[in-house]
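Quick look at my_file.txt (compact mmCIF, C-alpha atoms and all ligand atoms):
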# COMPACT_ATOMS: atom_id res chain seq x y z
CA MET A 1 -10.99 -22.49 18.97
CA ALA A 2 -8.80 -19.76 17.46
CA ARG A 3 -10.05 -18.27 14.26
CA ILE A 4 -7.24 -17.03 12.02
CA VAL A 5 -7.15 -15.32 8.63
CA MET A 6 -3.89 -16.07 6.82
CA LYS A 7 -2.90 -13.90 3.86
CA PHE A 8 -0.13 -14.82 1.44
CA GLY A 9 1.49 -12.22 -0.84
CA GLY A 10 2.75 -12.52 -4.39
CA THR A 11 6.23 -13.88 -3.71
CA SER A 12 4.72 -16.50 -1.41
CA MET A 13 2.47 -17.69 -4.26
CA ALA A 14 5.00 -17.50 -7.11
CA GLY A 15 5.00 -20.98 -8.60
CA ILE A 16 3.59 -24.37 -7.69
CA GLU A 17 6.37 -25.21 -5.21
CA ARG A 18 5.58 -22.09 -3.21
CA VAL A 19 1.84 -22.71 -3.41
CA ARG A 20 2.52 -26.15 -1.94
CA SER A 21 4.57 -24.70 0.87
CA VAL A 22 1.75 -22.23 1.61
CA ALA A 23 -0.68 -25.16 1.67
CA GLU A 24 1.64 -26.86 4.18
CA ARG A 25 1.52 -23.79 6.45
CA VAL A 26 -2.24 -23.70 6.24
CA ARG A 27 -2.42 -27.39 7.04
CA ALA A 28 -0.16 -26.87 10.09
CA GLU A 29 -2.26 -23.95 11.39
CA ARG A 30 -5.37 -26.08 11.02
CA ALA A 31 -3.65 -28.99 12.74
CA ARG A 32 -3.08 -26.68 15.74
CA GLY A 33 -6.84 -26.57 16.00
CA SER A 34 -7.50 -23.19 14.38
CA GLU A 35 -10.35 -22.33 12.08
CA VAL A 36 -8.64 -20.93 9.02
CA ALA A 37 -9.63 -18.75 6.10
CA VAL A 38 -6.94 -17.91 3.55
CA VAL A 39 -6.56 -14.85 1.32
CA VAL A 40 -4.13 -14.99 -1.58
CA SER A 41 -2.41 -12.57 -3.96
CA ALA A 42 -1.60 -13.20 -7.58
CA MET A 43 1.83 -14.67 -8.31
CA ALA A 44 4.61 -12.06 -8.01
CA GLY A 45 4.86 -9.96 -11.17
CA GLU A 46 1.52 -11.16 -12.55
CA THR A 47 -0.51 -8.06 -11.68
CA ASP A 48 2.21 -5.83 -13.16
CA ARG A 49 2.05 -7.87 -16.35
CA LEU A 50 -1.73 -7.53 -16.53
CA VAL A 51 -1.61 -3.78 -15.83
CA GLN A 52 0.92 -3.38 -18.64
CA PHE A 53 -1.43 -5.15 -21.06
CA CYS A 54 -4.15 -2.62 -20.21
CA ARG A 55 -1.79 0.32 -20.73
CA GLU A 56 -0.67 -1.06 -24.07
CA ALA A 57 -4.28 -1.59 -25.15
CA SER A 58 -4.97 2.09 -24.36
CA PRO A 59 -3.32 4.55 -21.94
CA LEU A 60 -6.80 5.90 -21.14
CA TYR A 61 -8.30 2.50 -20.43
CA ASP A 62 -11.75 2.08 -18.89
CA PRO A 63 -11.15 1.20 -15.20
CA ARG A 64 -14.08 -1.26 -15.30
CA GLU A 65 -12.34 -3.32 -17.95
CA TYR A 66 -8.96 -2.90 -16.25
CA ASP A 67 -10.55 -4.57 -13.21
CA VAL A 68 -11.74 -7.49 -15.31
CA VAL A 69 -8.17 -8.01 -16.51
CA VAL A 70 -6.15 -7.45 -13.33
CA ALA A 71 -8.42 -9.42 -10.99
CA SER A 72 -7.63 -12.58 -12.93
CA GLY A 73 -4.24 -13.17 -11.26
CA GLU A 74 -5.86 -13.92 -7.90
CA GLN A 75 -8.45 -16.20 -9.48
CA VAL A 76 -5.60 -18.44 -10.63
CA THR A 77 -3.79 -18.61 -7.27
CA SER A 78 -6.94 -19.17 -5.20
CA GLY A 79 -7.86 -22.15 -7.36
CA LEU A 80 -4.32 -23.50 -7.25
CA LEU A 81 -4.12 -23.26 -3.47
CA ALA A 82 -7.46 -25.04 -3.10
CA ILE A 83 -6.14 -27.82 -5.36
CA ALA A 84 -2.88 -28.06 -3.39
CA LEU A 85 -4.77 -28.24 -0.07
CA GLN A 86 -7.14 -30.91 -1.36
CA ALA A 87 -4.15 -32.92 -2.58
CA MET A 88 -2.87 -32.92 1.02
CA GLY A 89 -6.18 -34.17 2.26
CA VAL A 90 -7.32 -30.80 3.59
CA PRO A 91 -10.89 -29.97 2.58
CA ALA A 92 -10.74 -26.63 0.76
CA ARG A 93 -12.85 -24.54 -1.59
CA SER A 94 -12.14 -21.24 -3.38
CA TRP A 95 -14.68 -18.41 -3.29
CA LEU A 96 -14.25 -15.49 -5.70
CA GLY A 97 -15.12 -11.95 -4.64
CA TRP A 98 -18.56 -12.07 -6.27
CA GLN A 99 -19.34 -15.46 -4.79
CA LEU A 100 -18.98 -14.52 -1.11
CA PRO A 101 -19.70 -11.68 -1.94
CA ILE A 102 -17.24 -8.96 -0.99
CA ARG A 103 -19.26 -5.86 -1.81
CA THR A 104 -17.43 -2.70 -2.92
CA ASP A 105 -18.27 0.77 -4.17
CA ASP A 106 -17.87 1.50 -7.88
CA ALA A 107 -14.54 3.37 -7.73
CA HIS A 108 -13.03 0.86 -10.14
CA ALA A 109 -9.30 0.18 -9.78
CA ALA A 110 -9.39 1.72 -6.29
CA ALA A 111 -12.65 0.37 -4.90
CA ARG A 112 -13.50 0.43 -1.21
CA ILE A 113 -14.96 -2.58 0.54
CA GLU A 114 -18.47 -1.82 1.79
CA GLY A 115 -19.19 -5.18 3.36
CA VAL A 116 -18.28 -8.85 3.43
CA ASP A 117 -20.98 -11.47 3.65
CA ALA A 118 -19.68 -13.93 6.23
CA ALA A 119 -22.30 -16.67 5.65
CA VAL A 120 -20.18 -18.82 3.31
CA LEU A 121 -17.19 -18.46 5.60
CA GLU A 122 -19.17 -19.42 8.68
CA ARG A 123 -20.44 -22.52 6.88
CA ALA A 124 -16.88 -23.40 5.88
CA PHE A 125 -15.63 -23.02 9.46
CA ALA A 126 -18.50 -25.15 10.75
CA SER A 127 -17.75 -27.94 8.29
CA GLY A 128 -13.98 -27.81 8.78
CA GLU A 129 -13.34 -26.64 5.24
CA VAL A 130 -10.68 -24.05 4.43
CA ALA A 131 -12.12 -21.17 2.43
CA VAL A 132 -9.58 -19.75 -0.03
CA ILE A 133 -10.39 -16.22 -1.14
CA PRO A 134 -8.66 -14.26 -3.88
CA GLY A 135 -7.51 -10.92 -2.46
CA PHE A 136 -7.74 -7.58 -4.26
CA GLN A 137 -11.22 -8.17 -5.70
CA GLY A 138 -14.87 -7.63 -4.92
CA VAL A 139 -18.08 -6.86 -6.72
CA ASP A 140 -19.86 -3.50 -7.10
CA ALA A 141 -23.59 -2.87 -6.73
CA GLY A 142 -24.03 -3.36 -10.48
CA GLY A 143 -22.49 -6.84 -10.28
CA ARG A 144 -19.23 -5.86 -11.96
CA ILE A 145 -15.90 -7.08 -10.66
CA ALA A 146 -13.92 -4.34 -8.88
CA THR A 147 -10.34 -4.24 -7.59
CA LEU A 148 -9.09 -2.52 -4.47
CA GLY A 149 -5.93 -0.74 -5.65
CA ARG A 150 -2.41 -2.14 -5.74
CA GLY A 151 -1.50 -4.16 -2.69
CA GLY A 152 -5.22 -4.58 -1.97
CA SER A 153 -5.08 -8.21 -0.86
CA ASP A 154 -3.98 -6.99 2.57
CA THR A 155 -7.23 -5.06 2.80
CA SER A 156 -9.26 -8.08 1.67
CA ALA A 157 -7.65 -10.09 4.46
CA VAL A 158 -8.35 -7.50 7.15
CA ALA A 159 -11.94 -7.04 5.94
CA ILE A 160 -12.51 -10.78 6.12
CA ALA A 161 -10.88 -10.97 9.56
CA ALA A 162 -13.23 -8.22 10.75
CA ALA A 163 -16.28 -9.90 9.20
CA VAL A 164 -15.65 -13.25 10.91
CA ARG A 165 -14.25 -11.63 14.07
CA ALA A 166 -10.97 -13.49 13.70
CA GLU A 167 -8.56 -13.56 16.58
CA ARG A 168 -5.75 -12.50 14.27
CA CYS A 169 -5.00 -11.61 10.69
CA ASP A 170 -1.58 -12.98 9.77
CA ILE A 171 0.00 -11.30 6.75
CA TYR A 172 2.65 -13.63 5.36
CA THR A 173 5.12 -11.90 3.07
CA ASP A 174 8.73 -12.05 1.87
CA VAL A 175 10.22 -10.18 4.86
CA ASP A 176 9.82 -11.26 8.48
CA GLY A 177 8.13 -8.13 9.75
CA VAL A 178 7.90 -4.37 9.57
CA TYR A 179 11.31 -2.72 9.65
CA THR A 180 12.49 0.82 10.34
CA THR A 181 12.78 1.12 6.57
CA ASP A 182 12.72 -1.17 3.54
CA PRO A 183 15.26 -3.85 4.51
CA ARG A 184 15.94 -4.44 0.83
CA ILE A 185 17.59 -1.08 0.44
CA VAL A 186 18.97 -0.55 3.94
CA PRO A 187 20.53 -3.76 5.27
CA ARG A 188 20.92 -2.06 8.65
CA ALA A 189 17.16 -1.57 9.02
CA ARG A 190 15.85 -2.93 12.32
CA LYS A 191 12.81 -5.13 12.74
CA LEU A 192 10.11 -3.59 14.92
CA ARG A 193 8.50 -5.98 17.40
CA ALA A 194 5.44 -3.78 17.45
CA VAL A 195 4.26 -0.76 15.56
CA THR A 196 1.19 1.36 16.33
CA TYR A 197 -1.75 1.44 13.94
CA GLU A 198 -1.25 5.15 13.51
CA GLU A 199 2.43 4.92 12.61
CA MET A 200 1.84 1.95 10.34
CA LEU A 201 -0.96 3.86 8.64
CA GLU A 202 1.31 6.81 8.00
CA LEU A 203 4.28 4.63 6.95
CA ALA A 204 2.08 2.71 4.52
CA SER A 205 0.55 5.87 3.11
CA VAL A 206 4.00 7.23 2.27
CA GLY A 207 5.21 4.08 0.55
CA ALA A 208 6.13 1.30 3.02
CA LYS A 209 4.25 -1.18 0.88
CA VAL A 210 4.57 -4.05 3.34
CA LEU A 211 0.90 -3.32 4.19
CA GLN A 212 -1.61 -1.52 2.00
CA THR A 213 -2.68 1.76 3.65
CA ARG A 214 -6.35 0.91 3.61
CA SER A 215 -5.75 -2.39 5.33
CA VAL A 216 -4.19 -0.56 8.27
CA GLY A 217 -6.99 2.01 8.41
CA LEU A 218 -9.56 -0.77 8.43
CA ALA A 219 -7.66 -2.78 11.05
CA MET A 220 -7.48 0.30 13.26
CA LYS A 221 -11.20 1.01 12.89
CA GLU A 222 -12.28 -2.59 13.43
CA ARG A 223 -9.56 -3.34 15.97
CA VAL A 224 -8.29 -6.33 13.99
CA ARG A 225 -5.03 -7.74 15.35
CA VAL A 226 -2.62 -7.77 12.43
CA GLN A 227 0.68 -9.58 12.43
CA VAL A 228 3.27 -9.33 9.62
CA LEU A 229 5.51 -12.36 9.25
CA SER A 230 7.54 -14.31 6.73
CA SER A 231 6.21 -17.18 4.66
CA PHE A 232 9.77 -18.34 4.11
CA GLY A 233 10.92 -18.90 7.67
CA ASP A 234 9.65 -19.34 11.18
CA GLY A 235 9.74 -16.96 14.09
CA SER A 236 7.73 -14.04 15.26
CA GLY A 237 6.99 -11.05 13.12
CA THR A 238 5.69 -7.59 13.89
CA MET A 239 2.40 -6.95 15.67
CA VAL A 240 0.41 -3.86 14.79
CA VAL A 241 -0.91 -2.59 18.12
CA GLY A 242 -2.75 0.26 19.77
CA GLU A 243 -0.60 3.00 21.35
CA ASP A 244 -1.81 1.80 24.78
CA GLU A 245 -0.38 -1.67 24.09
CA LEU A 246 3.19 -0.49 23.52
CA GLU A 247 5.52 -1.95 26.08
CA GLU A 248 6.24 0.36 29.00
CA GLY A 249 9.81 1.39 29.48
CA VAL A 250 10.94 0.60 25.95
CA GLU A 251 12.90 3.58 24.69
CA ARG A 252 11.11 4.91 21.61
CA GLN A 253 12.95 6.82 18.93
CA VAL A 254 11.46 10.12 17.78
CA ILE A 255 11.31 8.64 14.29
CA THR A 256 9.90 5.14 13.86
CA GLY A 257 10.63 4.67 10.22
CA VAL A 258 11.68 6.02 6.85
CA ALA A 259 9.73 5.24 3.68
CA TYR A 260 9.96 6.11 0.02
CA ASP A 261 7.55 6.13 -2.88
CA LYS A 262 8.66 6.17 -6.49
CA ASN A 263 5.13 5.95 -7.79
CA GLU A 264 4.53 9.68 -7.83
CA ALA A 265 4.66 11.98 -10.81
CA LYS A 266 5.34 15.70 -10.63
CA ILE A 267 3.26 18.09 -12.71
CA THR A 268 3.99 21.80 -13.14
CA LEU A 269 1.68 24.35 -14.71
CA THR A 270 3.59 27.48 -15.68
CA ASP A 271 2.27 31.03 -15.76
CA VAL A 272 -0.99 30.38 -13.96
CA PRO A 273 -2.83 33.70 -13.40
CA ASP A 274 -2.20 34.85 -9.81
CA ARG A 275 -5.81 35.48 -8.80
CA PRO A 276 -8.42 33.93 -6.50
CA GLY A 277 -9.92 30.78 -7.98
CA ALA A 278 -6.97 29.93 -10.21
CA VAL A 279 -5.75 27.06 -8.04
CA ALA A 280 -9.30 25.80 -7.55
CA GLY A 281 -9.59 25.73 -11.35
CA ILE A 282 -6.63 23.36 -11.55
CA PHE A 283 -7.71 20.89 -8.90
CA ALA A 284 -11.43 20.70 -9.70
CA PRO A 285 -10.99 18.71 -12.95
CA LEU A 286 -8.58 16.36 -11.16
CA ALA A 287 -11.02 15.81 -8.31
CA GLU A 288 -13.77 15.13 -10.83
CA ALA A 289 -11.57 12.42 -12.34
CA SER A 290 -11.03 10.98 -8.79
CA ILE A 291 -7.32 11.75 -8.94
CA ASN A 292 -5.64 12.29 -5.56
CA VAL A 293 -3.24 15.20 -5.50
CA ASP A 294 -0.53 14.81 -2.89
CA MET A 295 2.21 17.44 -2.48
CA ILE A 296 1.48 20.98 -3.68
CA VAL A 297 3.86 23.93 -4.14
CA GLN A 298 2.80 27.31 -5.42
CA ASN A 299 5.72 29.52 -6.30
CA VAL A 300 5.80 33.25 -5.61
CA ALA A 301 4.14 35.30 -8.31
CA HIS A 302 6.29 36.50 -11.21
CA ASP A 303 6.29 40.25 -11.94
CA THR A 304 3.91 39.41 -14.75
CA GLY A 305 1.10 38.55 -12.27
CA SER A 306 1.38 34.85 -12.90
CA THR A 307 2.74 31.97 -10.89
CA ASP A 308 3.91 28.36 -11.32
CA VAL A 309 2.01 25.59 -9.54
CA THR A 310 3.68 22.22 -8.93
CA PHE A 311 2.04 19.13 -7.44
CA THR A 312 2.28 15.37 -7.44
CA VAL A 313 -0.22 12.69 -8.44
CA PRO A 314 0.11 8.89 -8.43
CA ALA A 315 2.17 7.93 -11.50
CA SER A 316 -0.62 5.59 -12.55
CA ASP A 317 -2.94 8.62 -12.83
CA LEU A 318 -0.49 10.75 -14.83
CA ALA A 319 -2.00 10.14 -18.27
CA ARG A 320 -5.50 10.93 -17.02
CA SER A 321 -4.24 14.00 -15.12
CA LEU A 322 -2.52 15.43 -18.18
CA ASP A 323 -5.62 14.73 -20.21
CA ALA A 324 -7.91 16.50 -17.70
CA LEU A 325 -5.58 19.50 -17.40
CA GLY A 326 -5.00 19.69 -21.15
CA ARG A 327 -8.72 19.85 -21.80
CA ASN A 328 -9.01 22.71 -19.29
CA GLN A 329 -6.01 24.77 -20.44
CA GLU A 330 -8.09 27.71 -21.56
CA ALA A 331 -10.25 27.79 -18.44
CA ILE A 332 -7.21 27.55 -16.12
CA GLY A 333 -5.15 29.92 -18.27
CA TYR A 334 -1.70 28.34 -17.80
CA ALA A 335 1.08 28.54 -20.42
CA ARG A 336 2.81 25.14 -20.25
CA LEU A 337 2.13 21.74 -18.73
CA VAL A 338 5.35 19.98 -17.69
CA HIS A 339 5.67 16.60 -16.04
CA ASP A 340 8.39 14.44 -14.54
CA THR A 341 8.13 10.83 -13.41
CA ARG A 342 11.75 10.53 -12.29
CA VAL A 343 10.96 11.74 -8.80
CA CYS A 344 10.68 10.03 -5.42
CA LYS A 345 8.97 11.00 -2.21
CA VAL A 346 10.99 10.21 0.90
CA SER A 347 9.29 10.48 4.30
CA VAL A 348 10.12 10.12 7.96
CA VAL A 349 7.36 9.06 10.35
CA GLY A 350 7.05 8.90 14.14
CA VAL A 351 4.55 9.72 16.87
CA GLY A 352 7.52 11.14 18.79
CA MET A 353 7.42 14.10 16.42
CA ARG A 354 4.48 15.50 18.36
CA SER A 355 6.69 16.25 21.31
CA HIS A 356 10.04 16.88 19.63
CA ALA A 357 11.12 19.91 17.63
CA GLY A 358 13.76 19.90 14.93
CA VAL A 359 12.74 16.76 13.04
CA ALA A 360 12.31 18.56 9.71
CA SER A 361 15.49 20.54 10.15
CA THR A 362 17.52 17.34 10.77
CA MET A 363 16.04 15.97 7.56
CA PHE A 364 16.83 19.02 5.44
CA SER A 365 20.42 19.31 6.69
CA ALA A 366 21.14 15.59 6.29
CA LEU A 367 19.97 15.77 2.67
CA ALA A 368 21.79 19.04 2.02
CA GLN A 369 25.08 17.56 3.26
CA ARG A 370 24.80 14.94 0.52
CA GLY A 371 23.86 17.54 -2.11
CA ILE A 372 20.31 16.21 -2.49
CA ASN A 373 17.96 18.90 -3.74
CA ILE A 374 14.40 19.15 -2.39
CA LEU A 375 11.67 19.73 -4.99
CA ALA A 376 8.63 19.85 -2.69
CA ILE A 377 7.79 19.38 1.00
CA ALA A 378 4.71 18.12 2.83
CA THR A 379 4.16 17.59 6.53
CA SER A 380 1.58 16.15 8.90
CA GLU A 381 1.53 15.84 12.67
CA ILE A 382 3.68 12.70 12.62
CA LYS A 383 5.37 12.88 9.20
CA VAL A 384 7.69 14.99 7.04
CA SER A 385 7.97 14.19 3.31
CA VAL A 386 10.26 15.59 0.65
CA LEU A 387 10.22 15.10 -3.10
CA ILE A 388 13.64 14.47 -4.64
CA ASP A 389 15.23 13.25 -7.87
CA GLU A 390 14.59 9.50 -8.14
CA ASP A 391 18.30 8.78 -8.65
CA PHE A 392 18.99 9.79 -5.04
CA THR A 393 16.36 7.55 -3.44
CA GLU A 394 18.59 4.90 -1.90
CA LEU A 395 21.14 7.45 -0.73
CA ALA A 396 18.47 9.65 0.85
CA VAL A 397 16.81 6.76 2.69
CA ARG A 398 20.16 5.53 4.05
CA VAL A 399 21.30 8.99 5.10
CA LEU A 400 18.03 9.69 6.93
CA HIS A 401 18.00 6.27 8.57
CA THR A 402 21.42 7.05 10.04
CA ALA A 403 20.60 10.68 10.86
CA TYR A 404 17.69 9.64 13.09
CA GLY A 405 19.70 6.96 14.88
CA LEU A 406 17.79 4.03 13.43
CA ASP A 407 20.70 1.91 12.15
CA ALA A 408 21.01 -1.51 13.76
CA GLU A 409 24.33 -2.24 15.44
CA ALA A 410 26.67 -3.94 12.98
CA ALA A 411 26.55 -7.70 13.61
P1 LIG A 501 3.41 -9.11 -0.71
O1 LIG A 501 3.50 -9.53 -2.13
O2 LIG A 501 3.68 -10.22 0.26
O3 LIG A 501 2.16 -8.37 -0.40
P2 LIG A 501 4.87 -6.63 -0.84
O4 LIG A 501 5.92 -6.57 -1.89
O5 LIG A 501 3.58 -5.95 -1.11
O6 LIG A 501 4.65 -8.15 -0.46
O7 LIG A 501 5.44 -6.06 0.54
C1 LIG A 501 6.63 -6.58 1.09
C2 LIG A 501 7.80 -5.70 0.73
O8 LIG A 501 7.64 -4.44 1.37
C3 LIG A 501 9.15 -6.18 1.21
O9 LIG A 501 9.73 -7.07 0.30
C4 LIG A 501 9.96 -4.90 1.36
O10 LIG A 501 10.84 -4.71 0.27
C5 LIG A 501 8.90 -3.80 1.31
N1 LIG A 501 9.00 -2.85 2.41
C6 LIG A 501 8.98 -1.50 2.26
N2 LIG A 501 9.09 -0.90 3.43
C7 LIG A 501 9.18 -1.87 4.37
C8 LIG A 501 9.33 -1.86 5.79
N3 LIG A 501 9.38 -0.71 6.49
N4 LIG A 501 9.38 -3.04 6.44
C9 LIG A 501 9.31 -4.19 5.76
N5 LIG A 501 9.18 -4.27 4.41
C10 LIG A 501 9.12 -3.12 3.73
N1 LIG A 502 -1.95 -8.66 -6.81
C1 LIG A 502 -2.33 -7.32 -6.40
C2 LIG A 502 -1.15 -6.39 -6.59
O1 LIG A 502 -0.10 -6.80 -7.00
C3 LIG A 502 -2.83 -7.28 -4.99
C4 LIG A 502 -1.84 -7.69 -3.93
O2 LIG A 502 -0.88 -8.40 -4.20
O3 LIG A 502 -2.06 -7.32 -2.78
O4 LIG A 502 -1.28 -5.21 -6.37
MG MG A 503 1.59 -6.39 -0.74

In structure tokens, write the structure found in this file.
Ligand code: ADP
Ligand code: ASP
Ligand code: MG
Amino acid sequence: MARIVMKFGGTSMAGIERVRSVAERVRAERARGSEVAVVVSAMAGETDRLVQFCREASPLYDPREYDVVVASGEQVTSGLLAIALQAMGVPARSWLGWQLPIRTDDAHAAARIEGVDAAVLERAFASGEVAVIPGFQGVDAGGRIATLGRGGSDTSAVAIAAAVRAERCDIYTDVDGVYTTDPRIVPRARKLRAVTYEEMLELASVGAKVLQTRSVGLAMKERVRVQVLSSFGDGSGTMVVGEDELEEGVERQVITGVAYDKNEAKITLTDVPDRPGAVAGIFAPLAEASINVDMIVQNVAHDTGSTDVTFTVPASDLARSLDALGRNQEAIGYARLVHDTRVCKVSVVGVGMRSHAGVASTMFSALAQRGINILAIATSEIKVSVLIDEDFTELAVRVLHTAYGLDAEAA
């Protein structure tokens, strides 16, 4: 008997009609003879609303209390789906993160799953009951509720699929697969039949939010078969596969996809003393506050023996970053602290980059031709990212999609 984990995202759960249609899909999967566990997101927009409440209550909110607030959206949808399933005659029960439990570390608001207890799920499978699990939440060693970072329900689903050794983890969302770029901003984006774990990991980490980065990392480690498909239509989606599973003979482009991320904030410290240890002095307080720094640019030293240092942090960590740096102004010795949230990181990703030169240069010239200025650059083995003015996001993504030959033929 196939064992399947089905995960439904926010748009798929937005309102009772949609919850019913999700219940219908679950019923159909079960009717095909599968053992099913379901992971749900909060209704679309709900988590944003809850996050905003926390920010309004205090910009420097306690992440433990933030978790109490933002985890509530999934509690609502898991209960509603269980009710909708029961109403159809399908035995169903919801299990909150602490009830299974899904154990996490204590990095509140960005917690990592340490383990999933599969006992409840195994009992549910054995009795023919559908277990409905709220995504995005778990419980830390101290018994406090913890959330997994935005988009974290994907990771909940993969962790559960790994724990029960599911045949597949189906991620139902509002697009019918993984595309060469966000199909909402580039109508000519092409659907990928398959994408490798590694490329998906990189695409997700630079903003292709169709899967949360950690979910892909976990799927790769645990070899969970992940499929992305639409909860609004039928038809096949995109399989995330190992490089060895890619079809032979299919012509691969050098670049697999283009992604963008508007959730970065740029910080510049001016007139930092140009001496050993100065940069370490900037990043240590940020590391202590568990803030991930992404792109970094250090300008050439001024004649005065000082330099400007620019870097990006997640926009959601901006207030805490400015606070940490402000408190350390004297120790670091900078003159001014400047920030900008109207920036966007645009990235191109592809394993083909390993064997092809000129990928970055194509990117820089394509952007230059459209007069798009580059504020920072970062590269990895299979990725090139640039930071640009947010206003140029759509244009940059389209231009790069065309420049790398990714546009679908016009219908
Ligand atoms: P869910 O609520 O189902 O988790 P998300 O909003 O988190 O859905 O992710 C789906 C969205 O990801 C799509 O609506 C699409 O706009 C966006 N997206 C970004 N990049 C891609 C891509 N390369 N392929 C498909 N969707 C993408
Ligand atoms: N509801 C959470 C969010 O919006 C988790 C998720 O949807 O995956 O980030
Ligand atoms: Mg999502």

### Task
In the coordinate frame of the file, compute which residues have an atom within 7 Å of (-4.1, -4.7, 2.8) when using only C-alpha atoms, and state them as a ChimeraX atom specification.
/A:151-158,211-216

### Query
Pick from A:Ser34, A:Ser355, A:Thr104, A:Gln298: nearest to Met1 (chain A), with all atoms listed in the file counted?
A:Ser34

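Distances to ligand MG 503 (chain A) were evaluated for A:Arg342, A:Arg275, A:Arg30, A:Arg150 using only C-alpha atoms and all ligand atoms, and the minimum falls at A:Arg150.
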
### Query
For the atom pair CA of Gln227 (chain A) and CA of Val240 (chain A), what is the interatomic distance in Å to one decimal place?
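That distance, rounded to one decimal, is 6.2 Å.
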
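The nearest approach to ligand LIG 501 (chain A) among the residues A:Val349, A:Ile133, A:Val76, A:Val313, with all atoms listed in the file taken into account, belongs to A:Val349.
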
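Nearest residue to ligand MG 503 (chain A) among A:Val90, A:Val272, A:Ala324, A:Ile171 is A:Ile171, counting all atoms listed in the file.
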
### Query
Of the candidates A:Asn299, A:Ala110, A:Leu81, A:Ser385, which one gets nearest to Ser205 (chain A) if we count all atoms listed in the file?
A:Ser385

Give me the box for ligand LIG 501 (chain A) as AutoDock Vina command-line options, namely the centre and edge lengths in Å to one decimal of a box along x, y and z that holds every listed atom plus 6 Å on each side.
--center_x 6.5 --center_y -5.5 --center_z 2.2 --size_x 20.7 --size_y 21.5 --size_z 20.6

#### Entry: Distance query Thr180 (chain A) at most 8 Å, all atoms listed in the file, self and fewer than 3 positions along chain excluded, as a list in words
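Neighbouring residues, sequence-local ones excluded: Pro183, Ala189, Arg190, Lys191, Leu192, Thr256, Gly257, Val258, His401 and Leu406 of chain A.
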
Can those selected residues be exported to a file as a PDB file, in the frame of the given file so that it contains C-alpha atoms?
ATOM      1  CA  PRO A 183      15.260  -3.850   4.510  1.00  0.00           C
ATOM      2  CA  ALA A 189      17.160  -1.570   9.020  1.00  0.00           C
ATOM      3  CA  ARG A 190      15.850  -2.930  12.320  1.00  0.00           C
ATOM      4  CA  LYS A 191      12.810  -5.130  12.740  1.00  0.00           C
ATOM      5  CA  LEU A 192      10.110  -3.590  14.920  1.00  0.00           C
ATOM      6  CA  THR A 256       9.900   5.140  13.860  1.00  0.00           C
ATOM      7  CA  GLY A 257      10.630   4.670  10.220  1.00  0.00           C
ATOM      8  CA  VAL A 258      11.680   6.020   6.850  1.00  0.00           C
ATOM      9  CA  HIS A 401      18.000   6.270   8.570  1.00  0.00           C
ATOM     10  CA  LEU A 406      17.790   4.030  13.430  1.00  0.00           C
TER      11      LEU A 406
END

### Task
Select, from A:Val51, A:Ile291, A:Ala204, A:Ala408, the residue with the minimum atom-to-atom distance to ligand LIG 501 (chain A), counting all atoms listed in the file.
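The shortest atom-to-atom distance to ligand LIG 501 (chain A) comes from A:Ala204.
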
### Task
Dump the neighbourhood of ligand LIG 502 (chain A) as a VMD selection string: all residues within 10 Å, distances computed on all atoms listed in the file.
chain A and resid 7 to 11 13 39 to 51 70 to 74 134 to 137 147 to 157 209 to 212

### Query
By how many Å are atom O8 of ligand LIG 501 (chain A) and CA of Ala259 (chain A) apart?
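Atom-to-atom, atom O8 of ligand LIG 501 (chain A) to CA of Ala259 (chain A), that is 10.2 Å.
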
### Task
Work out how far apart CA of Asp323 (chain A) and CA of Ile377 (chain A) are and give it in Å to one decimal.
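Atom-to-atom, CA of Asp323 (chain A) to CA of Ile377 (chain A), that is 25.5 Å.
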
### Message
Applying 10 Å and only C-alpha atoms, which residues near Glu222 (chain A) remain after dropping the ones on its own chain fewer than 2 positions away? List them as a PyMOL selection string.
### Response
chain A and resi 158-159+161-163+165+216-220+224-225

### Task
List the neighbours of Asp62 (chain A) out to 12 Å using only C-alpha atoms; skip same-chain residues closer than 5 positions along the sequence, and give me the result as number ranges by chain.
A: 54-55, 57, 67-69, 107-109, 320

### Task
Find the spatial neighbours of Val343 (chain A), counting only C-alpha atoms, within a cut-off of 8 Å - ignore same-chain residues fewer than 4 positions away - and output them as a list in words.
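Non-adjacent residues within range: Lys262, Glu264, Ala265, Lys266, Leu387, Ile388, Asp389, Glu390 and Asp391 of chain A.
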
### Task
Starting from the point (-0.8, 18.9, -7.8), work out which residues of protein, DNA or RNA have an atom no more than 10 Å away when counting all atoms listed in the file; state them as a list in words.
Ala265, Lys266, Ile267, Thr268, Leu269, Val279, Ile282, Phe283, Leu286, Ile291, Asn292, Val293, Asp294, Met295, Ile296, Val297, Gln298, Val309, Thr310, Phe311, Thr312, Val313 and Ser321 of chain A

#### Entry: Within 9 Å of region 393-396 of chain A using all atoms listed in the file, minus same-chain residues under 6 positions, as a ChimeraX atom specification
/A:185-186,260-262,343-346,366-367,370,372
